[in-house]
Amino acid sequence: MIDPRTLREDPEAVRASQRARGEDEGVVDKLLDLDTRRRSAIATADKLRAEQKSVSKQVPKASAEEKPALLARAKDLSAQVKAAEVEQNEASEEFDKLFRVLPNLVHPDAPIGGEDDFAVLKTVGEVPSFDFTPRDHLDLMEGLGALDMERGAKVSGSRFYFLSGVGAQLQLALLNMAVARATANGFTPMITPSLVRPEIMAGTGFLGAHSSEVYRLRDDDLYLVGTSEVPLAGFHSDEILDLAAGPRRYAGWSSCYRREAGSYGKDTRGIIRVHQFDKVEMFVFAKPEDAETEHERLLGWEEEMLAAIEVPYRVIDTATGDLGTSAYRKYDCEAWVPTQETYRELTSTSNCTTFQARRLSVRYRDDNGKPQTAATLNGTLATTRWIVAIVENHQQPDGSVRVPVALRPFLGGLEVLEPVKR
């Protein structure tokens, strides 16, 4: 959640952020009214308690004539205190419930608008030109014996698949390269849980507008994660971190699960949009004043990975209406997909400021030893979808695929993926 002081001291900034997101700015006035009501009830209850305490002290010393009136006054004050506490609790519950729905503020430089209103920050690499008709990733991978969508659907339903042979090897190679690079850059590698408690899922902001995308195990009251961002954000919940030496950086390898609700008929071919995939995710706990610099670092590490797989890509500054609940600012890297003749998202990195950490109570000590709320950031380093860009951009006329040089050591030195004989 945002800092409540921002709501009280600069409500117009919150209204402006809501407008930029395309969200209801009227919620700001509702929250201010509830906050005033709550604070007034607290002040009233405190005043009544003080008076009740004073009257109670007078009772033992009072005369027989005075005592009945004092006892009656004490009883009346007790009832008023309880009424004020009820009012306080009701206002607090309403405030907290509404306040948790309020998304993070947006960066003043983020482009205003919806999904298609992003700003292209840069384009890297040349779009490949083929002297043959390129095949899409599904045709290529089936030819390589690397992917089986039909049996995936038979076993689990639509948008599931089997990676086999070089397909499985390619994913493992890609994710291992991501972990190796993350480790070299000071990240602690982590294998994270796939199931989390409701308070952890809610703490990261995924149970609001995006709750329909999340798989829930109702019998166990657990959620399947759509990214290791979720368990990594909860890793230090209710803790005070030592950030004196700099940010805490983790690289989480996990299977990810997304319902893809509302995407019926969209990207149904191949593995661009699926219900399960693997990912290596960077996650950082930092001091708030270091968050924007750290965000640029995360983007830089993502670009290094994209350069390593030798694909053309562009970097976009995501528009305010497409940021998601927790993000203050988000950069996406999109790789060129030849058969679609467009760029598709491969990475995303978000600066979530103190929004998640405040919900999860992740703090650090400032220079005066006082606990302060930390900032959190996340960024993709590799996912299953990357295979699409790799095989399509590096395909050859016979259906073979050239392996990017940086990836070869993780594939046992293999330089070319050859079609299998049927």
# chains A, B, ... in the order shown; residues from 1 in each chain; ligands from 1
call {"tool": "closest_atom_pairs", "arguments": {"of": "segment 245-306 of chain A", "to": "segment 121-140 of chain A", "cutoff": "8 Å", "atoms": "only C-alpha atoms", "output": "CSV"}}
result
residue,atom,partner,partner_atom,distance
A:Arg269,CA,A:Leu138,CA,7.4
A:Gly270,CA,A:Leu138,CA,5.3
A:Ile271,CA,A:Leu138,CA,7.9
call {"tool": "atom_distance", "arguments": {"atom1": "atom CA of Tyr328 of chain A", "atom2": "atom CA of Ile191 of chain A"}}
result
26.9 Å
call {"tool": "closest_residue", "arguments": {"among": "A:Leu232, A:Ala119, A:Leu71, A:Cys352", "to": "Ser56 of chain A", "atoms": "only C-alpha atoms"}}
result
A:Leu71
call {"tool": "closest_atom_pairs", "arguments": {"of": "segment 319-415 of chain A", "to": "segment 279-292 of chain A", "cutoff": "9 Å", "atoms": "only C-alpha atoms", "output": "CSV"}}
result
residue,atom,partner,partner_atom,distance
A:Thr349,CA,A:Met282,CA,8.7
A:Asn351,CA,A:Ala291,CA,6.8
A:Cys352,CA,A:Ala291,CA,8.6
A:Thr353,CA,A:Pro288,CA,6.3
A:Thr354,CA,A:Pro288,CA,6.9
A:Ala357,CA,A:Phe285,CA,8.6
A:Val362,CA,A:Phe285,CA,8.7
A:Tyr364,CA,A:Lys287,CA,7.8
A:Asp366,CA,A:Lys287,CA,8.8
A:Gln372,CA,A:Lys287,CA,8.7
A:Thr373,CA,A:Pro288,CA,8.0
A:Ala374,CA,A:Lys287,CA,5.4
A:Ala375,CA,A:Pro288,CA,5.0
A:Thr376,CA,A:Phe285,CA,4.8
A:Leu377,CA,A:Val284,CA,5.1
A:Asn378,CA,A:Phe283,CA,4.4
A:Gly379,CA,A:Met282,CA,5.0
A:Thr380,CA,A:Glu281,CA,4.7
A:Leu381,CA,A:Val280,CA,5.5
A:Ala382,CA,A:Val280,CA,5.4
A:Thr383,CA,A:Lys279,CA,4.2
A:Thr384,CA,A:Lys279,CA,6.7
call {"tool": "write_last_selection", "arguments": {"atoms": "N, CA and C atoms", "output": "compact mmCIF listing (two decimals), in the first residue's frame"}}
result
# COMPACT_ATOMS: atom_id res chain seq x y z
N THR A 349 10.42 -5.42 -15.93
CA THR A 349 11.04 -5.05 -14.66
C THR A 349 10.28 -3.89 -14.05
N ASN A 351 9.61 -1.24 -10.63
CA ASN A 351 9.95 -0.61 -9.36
C ASN A 351 8.65 -0.47 -8.59
N CYS A 352 8.53 -1.22 -7.50
CA CYS A 352 7.30 -1.20 -6.70
C CYS A 352 7.40 -0.29 -5.49
N THR A 353 8.46 0.49 -5.41
CA THR A 353 8.72 1.40 -4.29
C THR A 353 8.45 0.66 -2.97
N THR A 354 7.76 1.30 -2.03
CA THR A 354 7.51 0.67 -0.72
C THR A 354 6.16 -0.03 -0.66
N ALA A 357 6.39 -3.89 0.31
CA ALA A 357 7.06 -4.05 1.60
C ALA A 357 6.23 -3.51 2.75
N VAL A 362 8.23 -5.40 5.59
CA VAL A 362 9.67 -5.59 5.37
C VAL A 362 10.33 -4.24 5.58
N TYR A 364 13.98 -1.86 7.15
CA TYR A 364 15.42 -1.77 7.36
C TYR A 364 15.66 -0.63 8.34
N ASP A 366 17.44 2.90 9.26
CA ASP A 366 18.12 4.04 8.64
C ASP A 366 19.38 4.39 9.42
N GLN A 372 12.54 1.66 8.90
CA GLN A 372 11.85 2.30 7.77
C GLN A 372 11.40 1.22 6.79
N THR A 373 10.38 1.51 6.00
CA THR A 373 9.88 0.55 5.02
C THR A 373 10.84 0.45 3.84
N ALA A 374 11.16 -0.76 3.44
CA ALA A 374 12.06 -0.99 2.31
C ALA A 374 11.32 -0.82 0.98
N ALA A 375 12.07 -0.76 -0.10
CA ALA A 375 11.50 -0.78 -1.46
C ALA A 375 11.75 -2.15 -2.06
N THR A 376 10.87 -2.58 -2.96
CA THR A 376 11.07 -3.84 -3.67
C THR A 376 11.04 -3.61 -5.17
N LEU A 377 11.82 -4.43 -5.87
CA LEU A 377 11.86 -4.37 -7.34
C LEU A 377 11.94 -5.79 -7.87
N ASN A 378 11.50 -5.97 -9.10
CA ASN A 378 11.57 -7.30 -9.72
C ASN A 378 11.89 -7.17 -11.20
N GLY A 379 12.38 -8.26 -11.78
CA GLY A 379 12.70 -8.25 -13.21
C GLY A 379 12.93 -9.65 -13.75
N THR A 380 12.39 -9.92 -14.93
CA THR A 380 12.55 -11.22 -15.57
C THR A 380 13.94 -11.38 -16.13
N LEU A 381 14.54 -12.57 -15.94
CA LEU A 381 15.84 -12.83 -16.52
C LEU A 381 15.79 -13.91 -17.60
N ALA A 382 14.79 -14.76 -17.57
CA ALA A 382 14.57 -15.75 -18.63
C ALA A 382 13.27 -16.48 -18.34
N THR A 383 12.56 -16.86 -19.41
CA THR A 383 11.35 -17.66 -19.26
C THR A 383 11.24 -18.62 -20.44
N THR A 384 10.28 -19.54 -20.32
CA THR A 384 10.02 -20.48 -21.41
C THR A 384 9.73 -19.75 -22.71
call {"tool": "residues_around", "arguments": {"residues": "Asp148 of chain A", "least_positions_apart": "2", "cutoff": "8 Å", "atoms": "only C-alpha atoms", "output": "list in words"}}
result
Glu142, Gly145, Ala146, Glu150, Arg151, Gly152, Tyr161, Phe162, Leu163 and Ser164 of chain A
call {"tool": "write_last_selection", "arguments": {"atoms": "N, CA, C and O atoms", "output": "PDB file, in the first residue's frame"}}
result
ATOM      1  N   GLU A 142       8.357 -28.692 -33.362  1.00  0.00           N
ATOM      2  CA  GLU A 142       7.853 -30.035 -33.676  1.00  0.00           C
ATOM      3  C   GLU A 142       8.843 -30.764 -34.578  1.00  0.00           C
ATOM      4  O   GLU A 142       9.085 -31.966 -34.402  1.00  0.00           O
ATOM      5  N   GLY A 145      11.607 -32.172 -32.638  1.00  0.00           N
ATOM      6  CA  GLY A 145      11.212 -33.110 -31.585  1.00  0.00           C
ATOM      7  C   GLY A 145      11.284 -32.466 -30.213  1.00  0.00           C
ATOM      8  O   GLY A 145      11.525 -33.127 -29.207  1.00  0.00           O
ATOM      9  N   ALA A 146      11.023 -31.141 -30.177  1.00  0.00           N
ATOM     10  CA  ALA A 146      11.246 -30.362 -28.961  1.00  0.00           C
ATOM     11  C   ALA A 146       9.960 -30.002 -28.223  1.00  0.00           C
ATOM     12  O   ALA A 146      10.015 -29.586 -27.062  1.00  0.00           O
ATOM     13  N   GLU A 150      -0.138 -31.380 -28.582  1.00  0.00           N
ATOM     14  CA  GLU A 150      -1.295 -32.280 -28.603  1.00  0.00           C
ATOM     15  C   GLU A 150      -1.348 -33.155 -27.353  1.00  0.00           C
ATOM     16  O   GLU A 150      -2.397 -33.303 -26.723  1.00  0.00           O
ATOM     17  N   ARG A 151      -0.223 -33.722 -26.985  1.00  0.00           N
ATOM     18  CA  ARG A 151      -0.219 -34.572 -25.791  1.00  0.00           C
ATOM     19  C   ARG A 151      -0.338 -33.727 -24.517  1.00  0.00           C
ATOM     20  O   ARG A 151      -0.867 -34.184 -23.502  1.00  0.00           O
ATOM     21  N   GLY A 152       0.160 -32.495 -24.571  1.00  0.00           N
ATOM     22  CA  GLY A 152      -0.039 -31.599 -23.434  1.00  0.00           C
ATOM     23  C   GLY A 152      -1.518 -31.354 -23.191  1.00  0.00           C
ATOM     24  O   GLY A 152      -1.998 -31.393 -22.052  1.00  0.00           O
ATOM     25  N   TYR A 161       1.601 -28.255 -22.411  1.00  0.00           N
ATOM     26  CA  TYR A 161       2.509 -28.784 -23.426  1.00  0.00           C
ATOM     27  C   TYR A 161       3.572 -29.650 -22.762  1.00  0.00           C
ATOM     28  O   TYR A 161       3.767 -29.617 -21.540  1.00  0.00           O
ATOM     29  N   PHE A 162       4.263 -30.412 -23.595  1.00  0.00           N
ATOM     30  CA  PHE A 162       5.468 -31.128 -23.167  1.00  0.00           C
ATOM     31  C   PHE A 162       6.659 -30.538 -23.917  1.00  0.00           C
ATOM     32  O   PHE A 162       6.614 -30.403 -25.144  1.00  0.00           O
ATOM     33  N   LEU A 163       7.702 -30.159 -23.205  1.00  0.00           N
ATOM     34  CA  LEU A 163       8.999 -29.902 -23.826  1.00  0.00           C
ATOM     35  C   LEU A 163       9.774 -31.205 -23.774  1.00  0.00           C
ATOM     36  O   LEU A 163       9.854 -31.835 -22.713  1.00  0.00           O
ATOM     37  N   SER A 164      10.337 -31.609 -24.880  1.00  0.00           N
ATOM     38  CA  SER A 164      11.038 -32.896 -24.918  1.00  0.00           C
ATOM     39  C   SER A 164      12.354 -32.756 -25.669  1.00  0.00           C
ATOM     40  O   SER A 164      12.550 -31.817 -26.451  1.00  0.00           O
TER      41      SER A 164
END
call {"tool": "select_by_dssp", "arguments": {"residues": "segment 218-306 of chain A", "states": "alpha helix (DSSP H)", "output": "list in words"}}
result
Glu229, Val230, Pro231, Leu232, Ala233, Gly234, Phe235, Ala291, Glu292, Thr293, Glu294, His295, Glu296, Arg297, Leu298, Leu299, Gly300, Trp301, Glu302, Glu303, Glu304, Met305 and Leu306 of chain A
call {"tool": "atom_distance", "arguments": {"atom1": "atom CA of Val403 of chain A", "atom2": "atom CA of Glu415 of chain A"}}
result
5.1 Å
call {"tool": "residues_around", "arguments": {"residues": "Pro103 of chain A", "least_positions_apart": "3", "cutoff": "8 Å", "atoms": "only C-alpha atoms", "output": "list in words"}}
result
Met1, Ile2, Arg100, Gly324, Thr325 and Ser326 of chain A
call {"tool": "write_last_selection", "arguments": {"atoms": "all heavy atoms", "output": "JSON list (two decimals), in the first residue's frame"}}
result
[["chain", "number", "residue", "atom", "x", "y", "z"],
["A", 1, "MET", "N", 0.84, -1.19, 0.00],
["A", 1, "MET", "CA", 0.00, 0.00, 0.00],
["A", 1, "MET", "C", 0.88, 1.24, 0.00],
["A", 1, "MET", "O", 2.05, 1.18, 0.33],
["A", 1, "MET", "CB", -0.92, -0.02, 1.22],
["A", 1, "MET", "CG", -0.21, 0.00, 2.54],
["A", 1, "MET", "SD", -1.31, -0.33, 3.93],
["A", 1, "MET", "CE", -1.45, -2.12, 3.78],
["A", 2, "ILE", "N", 0.28, 2.36, -0.38],
["A", 2, "ILE", "CA", 1.05, 3.60, -0.37],
["A", 2, "ILE", "C", 1.20, 4.09, 1.07],
["A", 2, "ILE", "O", 0.53, 3.60, 1.98],
["A", 2, "ILE", "CB", 0.38, 4.69, -1.24],
["A", 2, "ILE", "CG1", -0.95, 5.15, -0.63],
["A", 2, "ILE", "CG2", 0.17, 4.19, -2.66],
["A", 2, "ILE", "CD1", -1.53, 6.39, -1.29],
["A", 100, "ARG", "N", -6.35, -0.87, 0.89],
["A", 100, "ARG", "CA", -5.61, -1.98, 0.28],
["A", 100, "ARG", "C", -5.95, -2.16, -1.19],
["A", 100, "ARG", "O", -5.20, -2.76, -1.93],
["A", 100, "ARG", "CB", -5.88, -3.28, 1.04],
["A", 100, "ARG", "CG", -5.07, -3.41, 2.32],
["A", 100, "ARG", "CD", -5.24, -4.75, 2.99],
["A", 100, "ARG", "NE", -4.25, -4.91, 4.05],
["A", 100, "ARG", "CZ", -3.04, -5.43, 3.86],
["A", 100, "ARG", "NH1", -2.68, -5.82, 2.66],
["A", 100, "ARG", "NH2", -2.19, -5.54, 4.86],
["A", 324, "GLY", "N", -0.14, -2.49, -13.62],
["A", 324, "GLY", "CA", -0.41, -3.44, -12.55],
["A", 324, "GLY", "C", -0.48, -2.71, -11.21],
["A", 324, "GLY", "O", 0.03, -1.59, -11.06],
["A", 325, "THR", "N", -1.07, -3.36, -10.24],
["A", 325, "THR", "CA", -1.38, -2.71, -8.97],
["A", 325, "THR", "C", -0.14, -2.19, -8.24],
["A", 325, "THR", "O", -0.16, -1.09, -7.69],
["A", 325, "THR", "CB", -2.11, -3.72, -8.05],
["A", 325, "THR", "OG1", -3.32, -4.13, -8.69],
["A", 325, "THR", "CG2", -2.45, -3.09, -6.70],
["A", 326, "SER", "N", 0.94, -2.97, -8.24],
["A", 326, "SER", "CA", 2.09, -2.67, -7.37],
["A", 326, "SER", "C", 3.14, -1.76, -8.00],
["A", 326, "SER", "O", 3.95, -1.17, -7.29],
["A", 326, "SER", "CB", 2.76, -3.97, -6.91],
["A", 326, "SER", "OG", 1.85, -4.78, -6.22]]
call {"tool": "select_by_dssp", "arguments": {"residues": "segment 167-366 of chain A", "states": "strand (DSSP E or B)", "output": "PyMOL selection string"}}
result
chain A and resi 188-191+195-196+216-217+222-224+239-241+248-257+276-286+313-317+329-337+342-351+362-365
call {"tool": "write_last_selection", "arguments": {"atoms": "C-alpha atoms", "output": "PDB file, in the first residue's frame"}}
result
ATOM      1  CA  THR A 188      21.625 -15.221  -4.407  1.00  0.00           C
ATOM      2  CA  PRO A 189      20.042 -18.056  -6.421  1.00  0.00           C
ATOM      3  CA  MET A 190      16.827 -19.452  -4.949  1.00  0.00           C
ATOM      4  CA  ILE A 191      14.478 -22.332  -5.729  1.00  0.00           C
ATOM      5  CA  LEU A 195       2.355 -22.422  -3.294  1.00  0.00           C
ATOM      6  CA  VAL A 196       1.925 -19.440  -0.971  1.00  0.00           C
ATOM      7  CA  ARG A 216      -6.353 -21.127  -5.875  1.00  0.00           C
ATOM      8  CA  LEU A 217      -6.400 -24.397  -3.913  1.00  0.00           C
ATOM      9  CA  LEU A 222      -3.091 -21.697  -0.807  1.00  0.00           C
ATOM     10  CA  TYR A 223      -2.345 -20.042  -4.145  1.00  0.00           C
ATOM     11  CA  LEU A 224      -0.148 -21.190  -7.043  1.00  0.00           C
ATOM     12  CA  GLU A 239      11.654  -8.751   9.274  1.00  0.00           C
ATOM     13  CA  ILE A 240      14.064  -5.846   9.633  1.00  0.00           C
ATOM     14  CA  LEU A 241      16.868  -6.142   7.074  1.00  0.00           C
ATOM     15  CA  ARG A 248      19.555  -7.623  -1.092  1.00  0.00           C
ATOM     16  CA  ARG A 249      19.310  -9.356  -4.471  1.00  0.00           C
ATOM     17  CA  TYR A 250      17.740 -12.759  -5.141  1.00  0.00           C
ATOM     18  CA  ALA A 251      17.254 -14.763  -8.346  1.00  0.00           C
ATOM     19  CA  GLY A 252      14.315 -17.142  -8.023  1.00  0.00           C
ATOM     20  CA  TRP A 253      13.832 -20.170 -10.284  1.00  0.00           C
ATOM     21  CA  SER A 254      10.263 -21.407 -10.250  1.00  0.00           C
ATOM     22  CA  SER A 255       7.473 -22.954 -12.232  1.00  0.00           C
ATOM     23  CA  CYS A 256       4.764 -20.347 -12.758  1.00  0.00           C
ATOM     24  CA  TYR A 257       1.026 -20.812 -13.167  1.00  0.00           C
ATOM     25  CA  GLN A 276       2.486 -23.173 -16.885  1.00  0.00           C
ATOM     26  CA  PHE A 277       6.044 -22.105 -17.628  1.00  0.00           C
ATOM     27  CA  ASP A 278       9.422 -21.796 -15.929  1.00  0.00           C
ATOM     28  CA  LYS A 279      11.136 -18.540 -15.116  1.00  0.00           C
ATOM     29  CA  VAL A 280      14.162 -17.004 -13.430  1.00  0.00           C
ATOM     30  CA  GLU A 281      13.103 -13.791 -11.718  1.00  0.00           C
ATOM     31  CA  MET A 282      15.313 -11.151 -10.132  1.00  0.00           C
ATOM     32  CA  PHE A 283      13.998  -9.670  -6.899  1.00  0.00           C
ATOM     33  CA  VAL A 284      15.538  -6.863  -4.867  1.00  0.00           C
ATOM     34  CA  PHE A 285      15.047  -5.292  -1.445  1.00  0.00           C
ATOM     35  CA  ALA A 286      16.561  -1.800  -1.382  1.00  0.00           C
ATOM     36  CA  TYR A 313      14.497  -6.268 -29.238  1.00  0.00           C
ATOM     37  CA  ARG A 314      13.072  -2.981 -28.092  1.00  0.00           C
ATOM     38  CA  VAL A 315      12.642  -1.447 -24.633  1.00  0.00           C
ATOM     39  CA  ILE A 316       9.333   0.170 -23.777  1.00  0.00           C
ATOM     40  CA  ASP A 317       8.213   2.383 -20.919  1.00  0.00           C
ATOM     41  CA  ARG A 329       7.159   2.257 -13.156  1.00  0.00           C
ATOM     42  CA  LYS A 330       7.700  -0.705 -15.471  1.00  0.00           C
ATOM     43  CA  TYR A 331      10.006  -1.338 -18.414  1.00  0.00           C
ATOM     44  CA  ASP A 332       9.367  -4.215 -20.815  1.00  0.00           C
ATOM     45  CA  CYS A 333      11.826  -5.700 -23.275  1.00  0.00           C
ATOM     46  CA  GLU A 334      10.133  -7.107 -26.362  1.00  0.00           C
ATOM     47  CA  ALA A 335      11.890  -9.401 -28.834  1.00  0.00           C
ATOM     48  CA  TRP A 336      11.154  -9.568 -32.542  1.00  0.00           C
ATOM     49  CA  VAL A 337       9.111 -12.614 -33.592  1.00  0.00           C
ATOM     50  CA  THR A 342       6.049  -7.769 -34.387  1.00  0.00           C
ATOM     51  CA  TYR A 343       7.742  -7.477 -31.018  1.00  0.00           C
ATOM     52  CA  ARG A 344       6.509  -9.632 -28.119  1.00  0.00           C
ATOM     53  CA  GLU A 345       7.283  -9.210 -24.428  1.00  0.00           C
ATOM     54  CA  LEU A 346      10.134 -11.311 -23.032  1.00  0.00           C
ATOM     55  CA  THR A 347      11.048  -9.381 -19.901  1.00  0.00           C
ATOM     56  CA  SER A 348       9.426  -6.980 -17.490  1.00  0.00           C
ATOM     57  CA  THR A 349      11.043  -5.053 -14.656  1.00  0.00           C
ATOM     58  CA  SER A 350       9.073  -3.064 -12.091  1.00  0.00           C
ATOM     59  CA  ASN A 351       9.954  -0.608  -9.365  1.00  0.00           C
ATOM     60  CA  VAL A 362       9.668  -5.592   5.369  1.00  0.00           C
ATOM     61  CA  ARG A 363      11.815  -2.898   6.935  1.00  0.00           C
ATOM     62  CA  TYR A 364      15.424  -1.769   7.358  1.00  0.00           C
ATOM     63  CA  ARG A 365      17.161   0.566   9.801  1.00  0.00           C
TER      64      ARG A 365
END
call {"tool": "closest_residue", "arguments": {"among": "A:Ala168, A:Ala202, A:Leu48, A:Leu7", "to": "Asp33 of chain A", "atoms": "only C-alpha atoms"}}
result
A:Leu7
call {"tool": "closest_residue", "arguments": {"among": "A:Glu418, A:Glu392, A:Glu294, A:Asp219", "to": "Val311 of chain A", "atoms": "only C-alpha atoms"}}
result
A:Glu392
call {"tool": "atom_distance", "arguments": {"atom1": "atom CA of Ala327 of chain A", "atom2": "atom CA of Asn104 of chain A"}}
result
6.3 Å
